[in-house]
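Novice: So here's query-v5.txt (compact mmCIF, C-alpha atoms).
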```txt
# COMPACT_ATOMS: atom_id res chain seq x y z
CA MET A 1 117.12 132.35 92.87
CA LYS A 2 116.87 128.59 92.69
CA ASP A 3 117.78 127.27 89.25
CA LYS A 4 114.76 125.39 88.03
CA ILE A 5 116.45 124.05 84.90
CA GLN A 6 118.51 121.40 86.67
CA GLU A 7 115.92 118.65 86.73
CA THR A 8 117.19 116.32 84.02
CA PRO A 9 117.06 113.52 83.15
CA LEU A 10 113.36 113.61 82.58
CA THR A 11 111.45 110.37 82.33
CA GLU A 12 110.48 109.28 78.84
CA THR A 13 106.85 109.66 79.93
CA ALA A 14 107.29 113.31 80.98
CA LEU A 15 109.29 114.21 77.88
CA LEU A 16 106.80 112.65 75.46
CA ILE A 17 103.84 114.28 77.20
CA MET A 18 105.47 117.71 77.00
CA LEU A 19 106.37 117.19 73.34
CA SER A 20 102.77 116.26 72.62
CA MET A 21 101.65 119.57 74.15
CA TYR A 22 103.49 122.06 71.93
CA ASN A 23 99.97 122.45 70.55
CA PRO A 24 97.08 122.26 73.04
CA ASN A 25 96.26 118.65 73.66
CA HIS A 26 94.12 116.45 75.93
CA GLY A 27 94.66 112.99 77.43
CA TYR A 28 93.34 111.01 74.49
CA GLY A 29 95.29 113.21 72.05
CA VAL A 30 98.49 112.62 74.03
CA MET A 31 97.95 108.85 73.84
CA GLN A 32 97.40 109.03 70.08
CA PHE A 33 100.43 111.30 69.56
CA VAL A 34 102.73 109.02 71.53
CA GLY A 35 101.40 105.85 69.92
CA GLU A 36 101.90 107.32 66.45
CA LYS A 37 105.36 108.87 67.04
CA THR A 38 106.77 105.75 68.72
CA ASN A 39 105.05 103.33 66.33
CA GLY A 40 103.24 101.80 69.28
CA ARG A 41 106.41 101.15 71.32
CA VAL A 42 105.16 103.39 74.12
CA VAL A 43 101.62 102.87 75.33
CA PHE A 44 100.66 105.02 78.31
CA GLY A 45 98.57 103.40 80.98
CA PRO A 46 95.73 105.67 82.16
CA GLY A 47 97.08 105.82 85.72
CA THR A 48 100.56 106.79 84.59
CA LEU A 49 99.29 109.41 82.14
CA TYR A 50 96.90 110.94 84.69
CA GLY A 51 99.61 111.14 87.37
CA ALA A 52 102.22 112.56 84.97
CA ILE A 53 99.92 115.27 83.61
CA ASN A 54 98.99 116.34 87.16
CA ASN A 55 102.64 116.40 88.24
CA LEU A 56 103.73 118.40 85.19
CA ALA A 57 100.89 120.87 85.80
CA LYS A 58 101.94 121.21 89.47
CA LYS A 59 105.47 122.06 88.31
CA LYS A 60 103.96 124.56 85.86
CA TRP A 61 105.71 122.88 82.94
CA ILE A 62 102.31 122.50 81.31
CA ALA A 63 99.19 124.58 81.93
CA PRO A 64 95.49 123.97 81.37
CA CYS A 65 93.95 125.87 78.46
CA ALA A 66 90.82 127.92 78.96
CA ALA A 67 87.91 125.57 78.30
CA MET A 68 85.89 126.27 75.16
CA GLU A 69 82.13 126.37 75.63
CA GLY A 70 80.68 122.89 75.38
CA GLU A 71 84.16 121.35 75.43
CA ARG A 72 84.37 118.66 78.10
CA LYS A 73 87.92 117.45 77.56
CA LYS A 74 90.61 119.26 79.53
CA GLU A 75 93.39 120.53 77.28
CA TYR A 76 96.91 121.46 78.31
CA VAL A 77 99.73 123.31 76.60
CA ILE A 78 103.43 123.39 77.39
CA THR A 79 104.69 126.54 79.18
CA ALA A 80 107.92 128.50 78.56
CA LEU A 81 109.38 126.77 81.64
CA GLY A 82 108.39 123.40 80.22
CA LYS A 83 110.01 124.21 76.88
CA LYS A 84 113.27 125.03 78.67
CA GLN A 85 113.09 121.64 80.39
CA VAL A 86 112.59 119.91 77.05
CA GLU A 87 115.53 121.78 75.50
CA GLU A 88 117.79 120.84 78.41
CA GLU A 89 116.70 117.22 78.14
CA LEU A 90 117.33 117.08 74.40
CA LYS A 91 120.83 118.52 74.94
CA ARG A 92 121.50 115.82 77.53
CA MET A 93 120.16 113.09 75.26
CA LYS A 94 122.29 114.33 72.36
CA GLU A 95 125.37 114.24 74.58
CA VAL A 96 124.61 110.66 75.65
CA TYR A 97 123.84 109.70 72.05
CA ASN A 98 127.17 111.12 70.85
CA ILE A 99 129.08 109.28 73.58
CA GLY A 100 127.32 106.09 72.54
CA MET A 101 128.12 106.59 68.86
CA GLU A 102 131.73 107.45 69.64
CA ILE A 103 132.23 104.29 71.64
CA THR A 104 130.22 101.85 69.55
CA GLN A 105 130.94 103.14 66.05
CA GLY A 106 134.17 105.04 66.51
CA GLY A 107 132.87 108.39 65.38
CA MET A 108 130.81 111.37 66.48
CA ASP A 109 127.44 111.98 65.03
CA ASN A 110 126.83 115.51 63.89
CA VAL A 111 123.10 115.59 64.48
CA MET B 1 72.51 88.28 80.39
CA SER B 2 74.25 86.15 83.03
CA LYS B 3 75.03 86.86 86.66
CA SER B 4 77.93 85.63 88.79
CA PHE B 5 78.66 85.76 92.48
CA LYS B 6 82.34 86.01 93.32
CA VAL B 7 84.53 86.94 96.28
CA PHE B 8 88.19 87.75 95.71
CA LEU B 9 90.96 87.40 98.26
CA ASN B 10 93.07 89.30 95.76
CA PRO B 11 90.75 92.10 94.63
CA ILE B 12 93.19 93.58 92.10
CA GLU B 13 95.13 90.90 90.14
CA GLY B 14 92.63 88.14 90.96
CA GLN B 15 89.64 90.12 89.79
CA GLU B 16 91.50 91.39 86.71
CA LYS B 17 92.46 87.85 85.65
CA TRP B 18 88.94 86.53 86.18
CA LEU B 19 87.33 89.34 84.15
CA ASN B 20 89.77 88.84 81.28
CA GLU B 21 88.99 85.12 81.34
CA LYS B 22 85.28 86.00 81.10
CA SER B 23 86.05 88.26 78.13
CA ALA B 24 87.97 85.42 76.48
CA ALA B 25 84.84 83.33 76.89
CA GLY B 26 82.78 86.02 75.12
CA LEU B 27 81.33 87.82 78.13
CA LYS B 28 81.36 91.57 78.62
CA LEU B 29 80.87 93.11 82.05
CA SER B 30 77.64 95.11 82.19
CA GLY B 31 77.16 95.75 85.91
CA VAL B 32 78.70 95.12 89.33
CA GLY B 33 77.47 94.85 92.91
CA ARG B 34 79.43 94.24 96.12
CA PHE B 35 79.94 90.55 95.27
CA THR B 36 77.96 90.21 92.04
CA TYR B 37 78.80 90.69 88.39
CA GLU B 38 76.49 90.91 85.41
CA PHE B 39 77.65 89.96 81.92
CA THR B 40 76.32 90.29 78.40
CA LYS B 41 77.56 88.41 75.35
CA CYS B 42 80.33 89.82 73.16
CA GLU B 43 82.97 88.52 70.77
CA PRO B 44 85.65 86.46 72.58
CA ASN B 45 88.43 88.80 73.80
CA GLN B 46 86.60 91.86 72.51
CA TYR B 47 87.30 93.73 75.76
CA GLN B 48 90.22 94.05 78.13
CA TYR B 49 90.01 94.64 81.87
CA ALA B 50 92.33 96.17 84.42
CA VAL B 51 91.60 96.88 88.08
CA ASP B 52 92.77 100.02 89.85
CA TYR B 53 92.83 100.78 93.58
CA ILE B 54 91.49 104.29 94.26
CA GLY B 55 90.68 104.04 98.00
CA ASN B 56 93.45 106.56 98.69
CA LYS B 57 91.73 109.25 96.63
CA SER B 58 89.33 111.90 97.89
CA ASN B 59 85.92 112.26 96.28
CA ILE B 60 87.11 115.18 94.12
CA GLN B 61 90.23 113.28 93.03
CA ARG B 62 88.13 110.24 92.16
CA LYS B 63 85.75 112.31 90.06
CA GLU B 64 88.68 113.97 88.25
CA TYR B 65 90.24 110.59 87.55
CA GLU B 66 86.95 109.18 86.26
CA SER B 67 86.46 112.23 84.05
CA PHE B 68 89.97 111.64 82.69
CA LEU B 69 89.06 108.00 81.96
CA ASP B 70 85.98 109.24 80.10
CA ASP B 71 88.29 111.41 77.95
CA LEU B 72 90.40 108.34 77.18
CA LYS B 73 87.26 106.43 76.17
CA ILE B 74 87.83 103.92 78.95
CA ASN B 75 84.70 102.57 80.60
CA TYR B 76 84.78 101.91 84.36
CA TYR B 77 82.78 100.29 87.16
CA GLU B 78 83.09 101.27 90.82
CA LYS B 79 83.39 98.60 93.47
CA PRO B 80 83.97 98.53 97.22
CA LEU B 81 87.05 97.18 98.93
CA ASN B 82 85.72 95.02 101.70
CA PHE B 83 88.44 95.33 104.29
CA GLY B 84 90.81 97.75 106.02
CA GLN B 85 88.17 100.34 106.81
CA PHE B 86 86.03 100.90 109.83
CA SER B 87 82.35 101.81 109.60
CA ILE B 88 80.19 103.68 112.05
CA GLY B 89 76.73 104.04 110.58
CA ARG B 90 77.15 105.54 107.12
CA THR B 91 80.62 106.88 107.82
CA LYS B 92 83.72 104.93 106.86
CA TYR B 93 87.14 105.64 108.24
CA ARG B 94 89.92 104.88 105.80
CA PRO B 95 93.11 105.56 107.78
CA TYR B 96 95.31 104.68 104.80
CA ALA B 97 93.80 107.22 102.41
CA GLY B 98 95.42 110.46 101.34
CA LYS B 99 94.40 113.97 102.37
CA GLY B 100 90.66 114.41 101.96
CA GLY B 101 90.05 110.70 101.61
CA LYS B 102 90.34 109.45 105.18
CA LEU B 103 86.76 110.02 106.18
CA ALA B 104 84.34 108.63 103.64
CA ALA B 105 81.01 110.04 104.70
CA SER B 106 79.52 111.31 101.47
CA LYS B 107 77.54 109.10 99.13
CA GLY B 108 80.21 109.66 96.50
CA MET B 109 82.99 108.04 98.50
CA ILE B 110 81.53 105.01 100.25
CA ASN B 111 81.98 101.71 98.45
CA ARG B 112 84.10 103.17 95.69
CA GLU B 113 87.58 102.00 96.52
CA ILE B 114 88.16 99.97 93.38
CA LEU B 115 87.69 100.81 89.72
CA ILE B 116 87.30 98.13 87.09
CA LEU B 117 88.54 99.60 83.82
CA GLU B 118 87.24 98.26 80.54
CA LYS B 119 88.35 99.04 77.00
CA GLU B 120 88.17 97.55 73.53
CA ASN B 121 90.97 95.05 72.98
CA ASN B 122 93.68 96.57 70.74
CA GLY B 123 95.96 93.53 70.98
CA LYS B 124 98.28 95.18 73.49
CA THR B 125 98.50 94.49 77.20
CA PHE B 126 96.23 96.77 79.20
CA ASN B 127 98.40 98.21 81.98
CA ILE B 128 97.16 100.99 84.21
CA TYR B 129 100.74 101.97 85.05
CA ASN B 130 103.42 101.66 82.39
CA ASN B 131 106.55 102.58 84.30
CA VAL B 132 108.30 101.08 87.30
CA LYS B 133 108.01 104.15 89.54
CA ASP B 134 104.23 104.38 89.17
CA LYS B 135 103.84 100.65 89.75
CA ILE B 136 105.79 100.95 93.02
CA ILE B 137 103.64 103.88 94.19
CA ALA B 138 100.46 101.94 93.37
CA LEU B 139 101.67 98.84 95.24
CA LYS B 140 102.60 100.91 98.30
CA GLU B 141 99.15 102.49 98.34
CA ARG B 142 97.57 99.03 98.10
CA LYS B 143 99.65 97.85 101.05
CA LYS B 144 98.32 100.51 103.43
CA PRO B 145 94.82 99.04 104.06
CA TYR B 146 96.42 95.69 105.03
CA ILE B 147 98.86 97.40 107.40
CA TYR B 148 96.00 99.18 109.13
CA LEU B 149 93.91 96.01 109.20
CA LEU B 150 96.77 94.08 110.83
CA THR B 151 97.36 96.88 113.35
CA PHE B 152 93.64 96.98 114.14
CA MET B 153 93.51 93.21 114.65
CA ILE B 154 96.46 93.29 117.05
CA ALA B 155 94.87 96.18 118.96
CA MET B 156 91.56 94.27 119.16
CA GLU B 157 93.26 91.14 120.46
CA LEU B 158 95.13 93.15 123.10
CA TYR B 159 91.88 94.83 124.15
CA PHE B 160 89.88 91.57 124.35
CA SER B 161 92.62 89.78 126.24
CA TYR B 162 92.78 92.69 128.71
CA ILE B 163 89.03 93.03 129.35
CA ASN B 164 88.53 89.23 129.53
CA ASN B 165 91.68 88.77 131.56
CA ARG B 166 93.03 86.01 129.31
CA ASN B 167 96.22 85.24 127.44
CA ILE B 168 96.95 87.02 124.15
CA PHE B 169 96.11 84.80 121.15
CA GLY B 170 94.66 82.10 123.38
CA ASN B 171 92.49 79.18 122.31
CA ASN B 172 89.15 80.99 121.90
CA THR B 173 86.88 81.95 118.99
CA SER B 174 87.67 85.68 118.85
CA SER B 175 91.43 85.08 119.01
CA ILE B 176 91.23 82.49 116.21
CA LEU B 177 89.17 84.82 114.01
CA ILE B 178 91.45 87.79 114.69
CA GLY B 179 94.45 85.54 114.07
CA ILE B 180 93.12 84.40 110.67
CA ILE B 181 92.44 87.98 109.52
CA GLY B 182 95.79 89.08 110.92
CA ILE B 183 97.69 86.30 109.12
CA PHE B 184 95.82 87.07 105.87
CA SER B 185 96.82 90.76 106.18
CA LEU B 186 100.40 89.82 106.97
CA ILE B 187 100.62 87.55 103.91
CA LYS B 188 99.28 90.34 101.68
CA ILE B 189 101.77 92.83 103.18
CA ILE B 190 104.64 90.41 102.51
CA GLN B 191 103.45 89.68 98.95
CA LEU B 192 103.13 93.38 98.11
CA SER B 193 106.46 94.20 99.79
CA LEU B 194 108.21 91.52 97.72
CA SER B 195 106.67 92.95 94.55
CA VAL B 196 107.90 96.43 95.54
CA LYS B 197 111.37 95.01 96.26
CA THR B 198 111.54 93.36 92.83
CA LEU B 199 110.46 96.57 91.12
CA ASN B 200 112.93 98.64 93.16
CA GLU B 201 115.74 96.44 91.82
CA LYS B 202 114.53 97.17 88.27
CA LYS B 203 114.08 100.90 88.94
CA SER B 204 117.79 101.69 88.74
CA ILE B 205 117.94 100.29 85.20
CA TYR B 206 114.49 100.67 83.68
CA GLU B 207 111.96 103.45 83.69
```
Take the structure I supplied and represent it as structure tokens, if you would.

Specialist:
Amino acid sequence: MKDKIQETPLTETALLIMLSMYNPNHGYGVMQFVGEKTNGRVVFGPGTLYGAINNLAKKKWIAPCAAMEGERKKEYVITALGKKQVEEELKRMKEVYNIGMEITQGGMDNV
Amino acid sequence: MSKSFKVFLNPIEGQEKWLNEKSAAGLKLSGVGRFTYEFTKCEPNQYQYAVDYIGNKSNIQRKEYESFLDDLKINYYEKPLNFGQFSIGRTKYRPYAGKGGKLAASKGMINREILILEKENNGKTFNIYNNVKDKIIALKERKKPYIYLLTFMIAMELYFSYINNRNIFGNNTSSILIGIIGIFSLIKIIQLSLSVKTLNEKKSIYE
């Protein structure tokens, strides 16, 4: 079977969107989450966010939630496959971070 | 309320810049026609504008995108792109569009190739695409109508020169007109290609 967990590095956009969907979330909620967590450093453009959500849904890394009655906004939640992708990405980032710390500060970080 | 008539040779960046200048002067967009714009008064710089090309989208994709913009509390106005498509009656052929978007026959698709996005100014630049990859994709999609327009102009000139038994790009009215449109398309293709090239150089370093 094809190993689907070899798709790192993820883009910052994809990673942040998936992190924002550990609880069901919609487009506007994702924008607020990312703005808050990055102190406004990352601001998603609507075209980028729309494309990324569709692509992540196509890959089945996030899935649409059943719509509540009267609820117009489309909510998504991260899938088990998506969580594995996030875990792999965090491992990769930690490795890169440790290399960086080792070189620049002469020591390993034990995060 | 004030009304303006305006034609843009650059329907994306040109229109975007002009609308943001209007906002800086305290004017908020309140309606659009093919070449007309209506404005109402607002606080200077109260709103920000960005222009998106959606001529490659099918009717369903456009509606989904607009619904998504509604969720983000972004207002939008639909406008036509006035070139690169061929009309027969009420049917438009958009050879550059994606699957489901090539034949624009329904009321929902005709004259809706451009979206003007409007939102309250939060002090940050209003970009529709915030990473290099998406910007490249958007530029490539924008290039397609010009490529087809140029191809169509060349084909027309070949046809006219054949049926009139004259030289290609000779000194006659139709050749001059076709030549002007062709050169305009070529310039746009080169401009967009250069922008893609610059972004491609950045892509290996920046997201």

Novice: Skip Glu75 of chain A itself and residues of its chain fewer than 5 positions away, then list as a ChimeraX atom specification all residues within 12 Å of it, counting all atoms listed in the file.

Specialist: /A:20-30,53,57,62-68 /B:68,71

Novice: For the atom pair atom CA of Thr48 of chain A and atom CA of Asn127 of chain B, what is the interatomic distance in Å to one decimal place?

Specialist: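 For atom CA of Thr48 of chain A relative to atom CA of Asn127 of chain B, the distance reads 9.2 Å.
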
Novice: Neighbourhood query: residues within 12 Å of (95.2, 92.9, 121.5), file coordinates, counting only C-alpha atoms; return as a ChimeraX atom specification.

Specialist: /B:150-170,174-175,178-179,182

Novice: Determine, using all atoms listed in the file, which residues of chain A have any atom at most 9 Å from an atom of chain B, and tabulate each with its shortest atom pair and distance in Å to one decimal place, rows ordered by chain and then rising number, as CSV.

Specialist:
```
residue,atom,partner,partner_atom,distance
A:Thr11,CA,B:Glu207,CA,7.1
A:Glu12,CA,B:Glu207,CA,7.7
A:Thr13,CA,B:Asn131,CA,8.3
A:His26,CA,B:Asp71,CA,8.0
A:Gly27,CA,B:Leu72,CA,6.3
A:Tyr28,CA,B:Leu72,CA,4.8
A:Gly29,CA,B:Leu72,CA,8.6
A:Met31,CA,B:Leu72,CA,8.3
A:Val42,CA,B:Asn130,CA,8.6
A:Val43,CA,B:Asn130,CA,7.4
A:Phe44,CA,B:Asn130,CA,6.0
A:Gly45,CA,B:Ile128,CA,4.3
A:Pro46,CA,B:Ile128,CA,5.3
A:Gly47,CA,B:Ile128,CA,5.1
A:Thr48,CA,B:Tyr129,CA,4.8
A:Leu49,CA,B:Tyr129,CA,8.1
A:Tyr50,CA,B:Phe68,CA,7.2
A:Gly51,CA,B:Asp134,CA,8.4
A:Arg72,CA,B:Asp71,CA,8.2
A:Lys73,CA,B:Asp71,CA,6.1
A:Lys74,CA,B:Phe68,CA,8.3
```

Novice: For segment 139-146 of chain B, take all atoms listed in the file, fit an axis-aligned box around them, add 8 Å to each of the six sides, then output centre and edge lengths in Å rounded to one decimal, as JSON.

Specialist:
```
{"center_x": 98.7, "center_y": 99.1, "center_z": 100.1, "size_x": 23.8, "size_y": 22.8, "size_z": 25.8}
```

Novice: Could you state the separation of atom CA of Glu16 of chain B and atom CA of Ile190 of chain B in Å, given to one decimal place?

Specialist: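 Between atom CA of Glu16 of chain B and atom CA of Ile190 of chain B the gap works out to 20.6 Å.
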
Novice: What's around Leu19 of chain B at 12 Å? Count all atoms listed in the file, leave out sequence neighbours fewer than 3 positions away in its own chain, and write the answer as a PyMOL selection string.

Specialist: chain B and resi 4+6+8+11-16+22-30+32+37-39+45-51+116-118

Novice: Please indicate the distance in Å from atom CA of Leu192 of chain B to atom CA of Leu139 of chain B, rounded to one decimal place.

Specialist: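 Between these atoms lies a distance of 6.3 Å.
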